[in-house]
Amino acid sequence: MSLNAQVASILYEISEILTIKADRFRSRAYSMASQRVTALTEDIRNVAERGELEQIPGVGKSIAMTIEEFLDTGESTVLQELRESLPQGVPEMITLEGIGPKIAMRLHQELGVVGIKTLEEAARQHRIRELKGFGPKKEENILKAIEEHRSRSTRFLLGEALPVIQGMLTYMSGCDAVRRVEMAGSARRRKETVGDLDVLVSSTDPETATAHFVSMPPIERVLAQGPTKSTVVLKNMLQVDLRVIPPESYGAALQYFTGSKEHNVKLRTIGVKTGFKLNEYGLFRRHNDELVEAEDEAKIYEALGMMWMPPELRENTGEIEAAIEDRLPELVTLDDIRGDLHVHTDWSDGHASIAEMAEKAAEMGLEYIAITDHTKALGIANGLDEERLMKQIDEVRHVDEMHPEIRVLAGTECDIRRNGRLDISDEVLAELDWVVAAVHSGFKMEEQAMTTRVVEAIQNEHVDTVAHPTGRLIQRRSPYALDLDAVFEAAAERGVMMEINCYPERLDLSDVNSRRAKEHGVKMTLGTDAHTPSELEFLPMGVSVAKRGWLEATDVANTFTVEKLLKPQKG
DNA sequence: GCCGTTTTCGGCCCGACTGTTTTCAGTCG
């Protein structure tokens, strides 16, 4: 985890515990500060050394001191004391659906519950229903929540959730009572992982729409069902919220349920200061409840004195200020993307031929793809040596000739060895149109050595981009220790680019790191890393990361024509 | 705890659903 991410997570945990303790305003302050630290494009240690921590929005004297303490000692006394102030088992209990701080506290005090295990025993022995304000239903729901907690993995990858939500949108639009249907929440913001799904429906007949929703085939359990809001759990343990909204409030609801929470809080605070009230039904004048706007999401933002912004930006990381000052970036879109710059074939560990990959890419409307198979250091992936790579170049040229509808580039995903050298000779690299360099081994190297390794590779005159630069696998493998600022600096100097890998579990660089690379003057490339034709469809995932990283078309090399892309531009 | 084109003190976003109650607290987003 980067230092910034570590600081952000400390602040977030403090915020969480303060929420448990019902200290909502202090909790919000820490949560806002955590968001801002996450979005910082500079190493927070540099900011601290300049004495400018308090210039970070949301960071005042007190939080600045907490950050400094953490930077000096690696610990936070505020957090430690807060952790110790919570009774045993309470943090664990509130991870269960339907149990919050109040109930967890009472279960601890009145029944001696110290965790999920003892909670389950208490429920099975029917001791919970004896408590005032509790009943059999509550007991039953606690047992169900424990069961779901156990079978549920953490969060879902965006790439797993999007097809599910697409299926639901199609299903819901098949209901006559449904006028419009759209995804909201973190899926609409294209966050790399989502905790649950939000589906928004406009209808004048909410009962029919809701009934249609809760009778969807893959439902495991209905958690709640009301006229405007229902919650279900699917068999794969994904939780889905449905909101039914009258057509005239659709824009307000879309804004509201898209979030993020911090973005909305900030927006409403601005509303309060300028005499408005904003909720899911519309924007109202505070003094007389007169409706100002509700149908059109963009008009709500405009009425609040700012430009509409794409959902990918709505994380309260400076987008509201930028919108007010009319300096939002013009984000790159999928339509801007002309090619895919990281594609495997059956020459190494892919499952389709060069021609099959090219044909699928052409079908998708792409103008070019780069064939970038693994090299010999990756024996397990049947990596190519110089001899086979030369043969593959011939084959790529042949396929390119046979497919005038798309330009097929000869490339490689060349392994960066531990000493920073590439495992293919310069003579052969010189024959290629496109060189992707990547680390595939030695993930445990010290930060300094790993940084030297990657920077060394960037110095090779043939390298165009560095694939999956941090090596992280979402929720499975941490990024390797790497001084990203040093890497970006070297890359900017040499005109080498950084990849946003579109593979759902990689998305590497991440949104925040892409934004950071841009600040260093580094351009980005998108690569699906496809090993089958259908995986070429991961491209939109990478575009989402680019958008969340505030990137414009000129920041992403895949928006270039093939001529511009291949023109030598290194200094 | 943070913040200030009313403010250095006094605010701080807003509503739906459940389970248990006879009017609402707790949870969730």
# chains A, B, ... in the order shown; residues from 1 in each chain; ligands from 1
call {"tool": "residues_around", "arguments": {"residues": "Glu493 (chain A)", "least_positions_apart": "4", "cutoff": "12 Å", "atoms": "only C-alpha atoms (C1' of nucleotides)", "output": "VMD selection string"}}
result
chain A and resid 455 458 to 459 486 to 489 497 520 to 523 569 to 571
call {"tool": "residues_around", "arguments": {"residues": "Leu509 (chain A)", "least_positions_apart": "4", "cutoff": "10 Å", "atoms": "only C-alpha atoms (C1' of nucleotides)", "output": "compact mmCIF listing (two decimals) with N, CA and C atoms, in the first residue's frame"}}
result
# COMPACT_ATOMS: atom_id res chain seq x y z
N VAL A 466 5.17 0.48 -20.07
CA VAL A 466 5.37 -0.51 -19.01
C VAL A 466 4.01 -1.08 -18.62
N ALA A 467 3.86 -2.40 -18.76
CA ALA A 467 2.56 -3.03 -18.50
C ALA A 467 2.34 -3.23 -17.00
N HIS A 468 1.08 -3.23 -16.61
CA HIS A 468 0.68 -3.39 -15.20
C HIS A 468 1.81 -2.99 -14.24
N PRO A 469 2.06 -1.69 -14.15
CA PRO A 469 3.28 -1.21 -13.50
C PRO A 469 3.44 -1.54 -12.01
N THR A 470 2.37 -1.81 -11.29
CA THR A 470 2.55 -2.10 -9.86
C THR A 470 2.35 -3.58 -9.52
N GLY A 471 1.85 -4.36 -10.47
CA GLY A 471 1.72 -5.79 -10.26
C GLY A 471 0.60 -6.20 -9.33
N ARG A 472 -0.24 -5.27 -8.90
CA ARG A 472 -1.27 -5.65 -7.93
C ARG A 472 -2.36 -6.47 -8.59
N MET A 498 2.95 4.61 -19.52
CA MET A 498 2.54 3.66 -18.49
C MET A 498 1.21 3.05 -18.92
N GLU A 499 1.07 1.74 -18.70
CA GLU A 499 -0.16 1.07 -19.10
C GLU A 499 -1.23 1.17 -18.02
N ILE A 500 -2.46 1.30 -18.50
CA ILE A 500 -3.61 0.95 -17.66
C ILE A 500 -4.07 -0.40 -18.18
N ASN A 501 -3.77 -1.43 -17.43
CA ASN A 501 -4.14 -2.79 -17.83
C ASN A 501 -5.64 -2.98 -17.58
N CYS A 502 -6.37 -3.43 -18.59
CA CYS A 502 -7.84 -3.47 -18.52
C CYS A 502 -8.39 -4.75 -17.90
N ASN A 513 -3.36 6.37 -9.30
CA ASN A 513 -1.99 6.38 -9.83
C ASN A 513 -1.94 6.90 -11.27
N SER A 514 -2.99 6.72 -12.03
CA SER A 514 -3.04 7.28 -13.38
C SER A 514 -3.03 8.80 -13.30
N ARG A 515 -3.81 9.32 -12.36
CA ARG A 515 -3.87 10.77 -12.18
C ARG A 515 -2.50 11.29 -11.77
N ARG A 516 -1.84 10.51 -10.94
CA ARG A 516 -0.51 10.88 -10.46
C ARG A 516 0.50 10.85 -11.61
N ALA A 517 0.42 9.84 -12.46
CA ALA A 517 1.32 9.75 -13.61
C ALA A 517 1.13 10.95 -14.53
N MET A 524 -0.46 7.64 -21.02
CA MET A 524 -0.90 6.31 -20.66
C MET A 524 -1.26 5.50 -21.91
N LEU A 526 -3.68 1.99 -23.02
CA LEU A 526 -4.63 0.99 -22.57
C LEU A 526 -4.29 -0.34 -23.22
N GLY A 542 -10.73 -0.32 -18.85
CA GLY A 542 -9.57 0.57 -18.81
C GLY A 542 -9.96 2.02 -19.04
N VAL A 545 -11.12 3.43 -15.81
CA VAL A 545 -10.01 3.82 -14.92
C VAL A 545 -9.44 5.17 -15.37
N ALA A 546 -9.27 5.31 -16.69
CA ALA A 546 -8.72 6.57 -17.22
C ALA A 546 -9.62 7.74 -16.86
N GLY A 549 -9.26 8.64 -13.41
CA GLY A 549 -7.96 9.29 -13.22
C GLY A 549 -7.89 10.67 -13.86
call {"tool": "closest_atom_pairs", "arguments": {"of": "chain B", "to": "chain A", "cutoff": "7 Å", "atoms": "only C-alpha atoms (C1' of nucleotides)", "output": "tab-separated table"}}
result
residue	atom	partner	partner_atom	distance
B:DG1	C1'	A:Arg26	CA	4.9
B:DC2	C1'	A:Gly58	CA	6.4
B:DC12	C1'	A:Phe25	CA	6.7
B:DC13	C1'	A:Arg268	CA	5.6
B:DC14	C1'	A:Asn279	CA	6.1
B:DA16	C1'	A:Lys229	CA	6.8
B:DC17	C1'	A:Ala224	CA	6.6
B:DT20	C1'	A:Gly133	CA	5.7
B:DT27	C1'	A:Gly98	CA	6.0
call {"tool": "write_last_selection", "arguments": {"atoms": "C-alpha atoms (C1' of nucleotides)", "output": "PDB file, in the first residue's frame"}}
result
ATOM      1  C1'  DG B   1     -12.955  18.088  13.561  1.00  0.00           C
ATOM      2  C1'  DC B   2     -13.548  21.532   9.921  1.00  0.00           C
ATOM      3  C1'  DC B  12     -22.716  20.517   9.846  1.00  0.00           C
ATOM      4  C1'  DC B  13     -27.507  16.180   4.058  1.00  0.00           C
ATOM      5  C1'  DC B  14     -31.634  13.596   3.856  1.00  0.00           C
ATOM      6  C1'  DA B  16     -36.934   4.822   3.411  1.00  0.00           C
ATOM      7  C1'  DC B  17     -37.787   0.390   5.592  1.00  0.00           C
ATOM      8  C1'  DT B  20     -41.055  -3.647  17.567  1.00  0.00           C
ATOM      9  C1'  DT B  27     -30.117   0.703  10.407  1.00  0.00           C
TER      10       DT B  27
END
call {"tool": "select_by_dssp", "arguments": {"residues": "region 148-327 of chain A", "states": "strand (DSSP E)", "output": "NGL selection string"}}
result
:A and (156-157 or 180-184 or 193-194 or 196-202 or 219-225 or 229-234 or 239-245 or 276-279 or 282-285 or 291-293)
call {"tool": "select_by_dssp", "arguments": {"residues": "region 154-223 of chain A", "states": "alpha helix (DSSP H)", "output": "count of residues only"}}
result
29
call {"tool": "residues_around", "arguments": {"residues": "Glu293 (chain A)", "least_positions_apart": "5", "cutoff": "9 Å", "atoms": "only C-alpha atoms (C1' of nucleotides)", "output": "JSON, numbers by chain"}}
result
{"A": [249, 251, 252, 282, 283, 284, 299, 300, 303]}
call {"tool": "write_last_selection", "arguments": {"atoms": "N, CA and C atoms", "output": "CSV table (one decimal), in the first residue's frame"}}
result
chain,number,residue,atom,x,y,z
A,249,SER,N,-39.0,12.9,-11.1
A,249,SER,CA,-37.9,13.0,-10.2
A,249,SER,C,-36.7,12.2,-10.6
A,251,GLY,N,-34.0,12.5,-12.6
A,251,GLY,CA,-32.7,13.1,-12.5
A,251,GLY,C,-32.2,13.3,-11.1
A,252,ALA,N,-33.1,13.8,-10.2
A,252,ALA,CA,-32.6,14.0,-8.8
A,252,ALA,C,-32.3,12.7,-8.2
A,282,GLY,N,-35.7,16.0,-5.7
A,282,GLY,CA,-35.5,17.2,-6.4
A,282,GLY,C,-34.7,18.2,-5.6
A,283,LEU,N,-34.4,19.3,-6.3
A,283,LEU,CA,-33.7,20.5,-5.7
A,283,LEU,C,-34.8,21.5,-5.4
A,284,PHE,N,-34.9,21.9,-4.1
A,284,PHE,CA,-35.9,22.8,-3.6
A,284,PHE,C,-35.4,24.1,-3.0
A,299,LYS,N,-29.2,19.6,-15.0
A,299,LYS,CA,-29.8,20.9,-14.6
A,299,LYS,C,-29.7,21.1,-13.1
A,300,ILE,N,-29.7,20.1,-12.3
A,300,ILE,CA,-29.5,20.2,-10.9
A,300,ILE,C,-28.1,20.7,-10.6
A,303,ALA,N,-28.1,24.4,-11.5
A,303,ALA,CA,-28.8,25.2,-10.5
A,303,ALA,C,-27.9,25.4,-9.3
call {"tool": "atom_distance", "arguments": {"atom1": "CA of Glu431 (chain A)", "atom2": "CA of Tyr503 (chain A)"}}
result
27.6 Å
call {"tool": "atom_distance", "arguments": {"atom1": "CA of Leu551 (chain A)", "atom2": "CA of Thr372 (chain A)"}}
result
24.4 Å
call {"tool": "atom_distance", "arguments": {"atom1": "CA of Ser31 (chain A)", "atom2": "CA of Val78 (chain A)"}}
result
14.7 Å
call {"tool": "closest_residue", "arguments": {"among": "A:Ser173, A:Ser34, A:Thr559, A:Asn4", "to": "Thr333 (chain A)", "atoms": "only C-alpha atoms"}}
result
A:Thr559
call {"tool": "residues_around", "arguments": {"residues": "Leu53 (chain A)", "least_positions_apart": "5", "cutoff": "6 Å", "atoms": "only C-alpha atoms (C1' of nucleotides)", "output": "JSON, numbers by chain"}}
result
{"A": [47, 48, 64]}
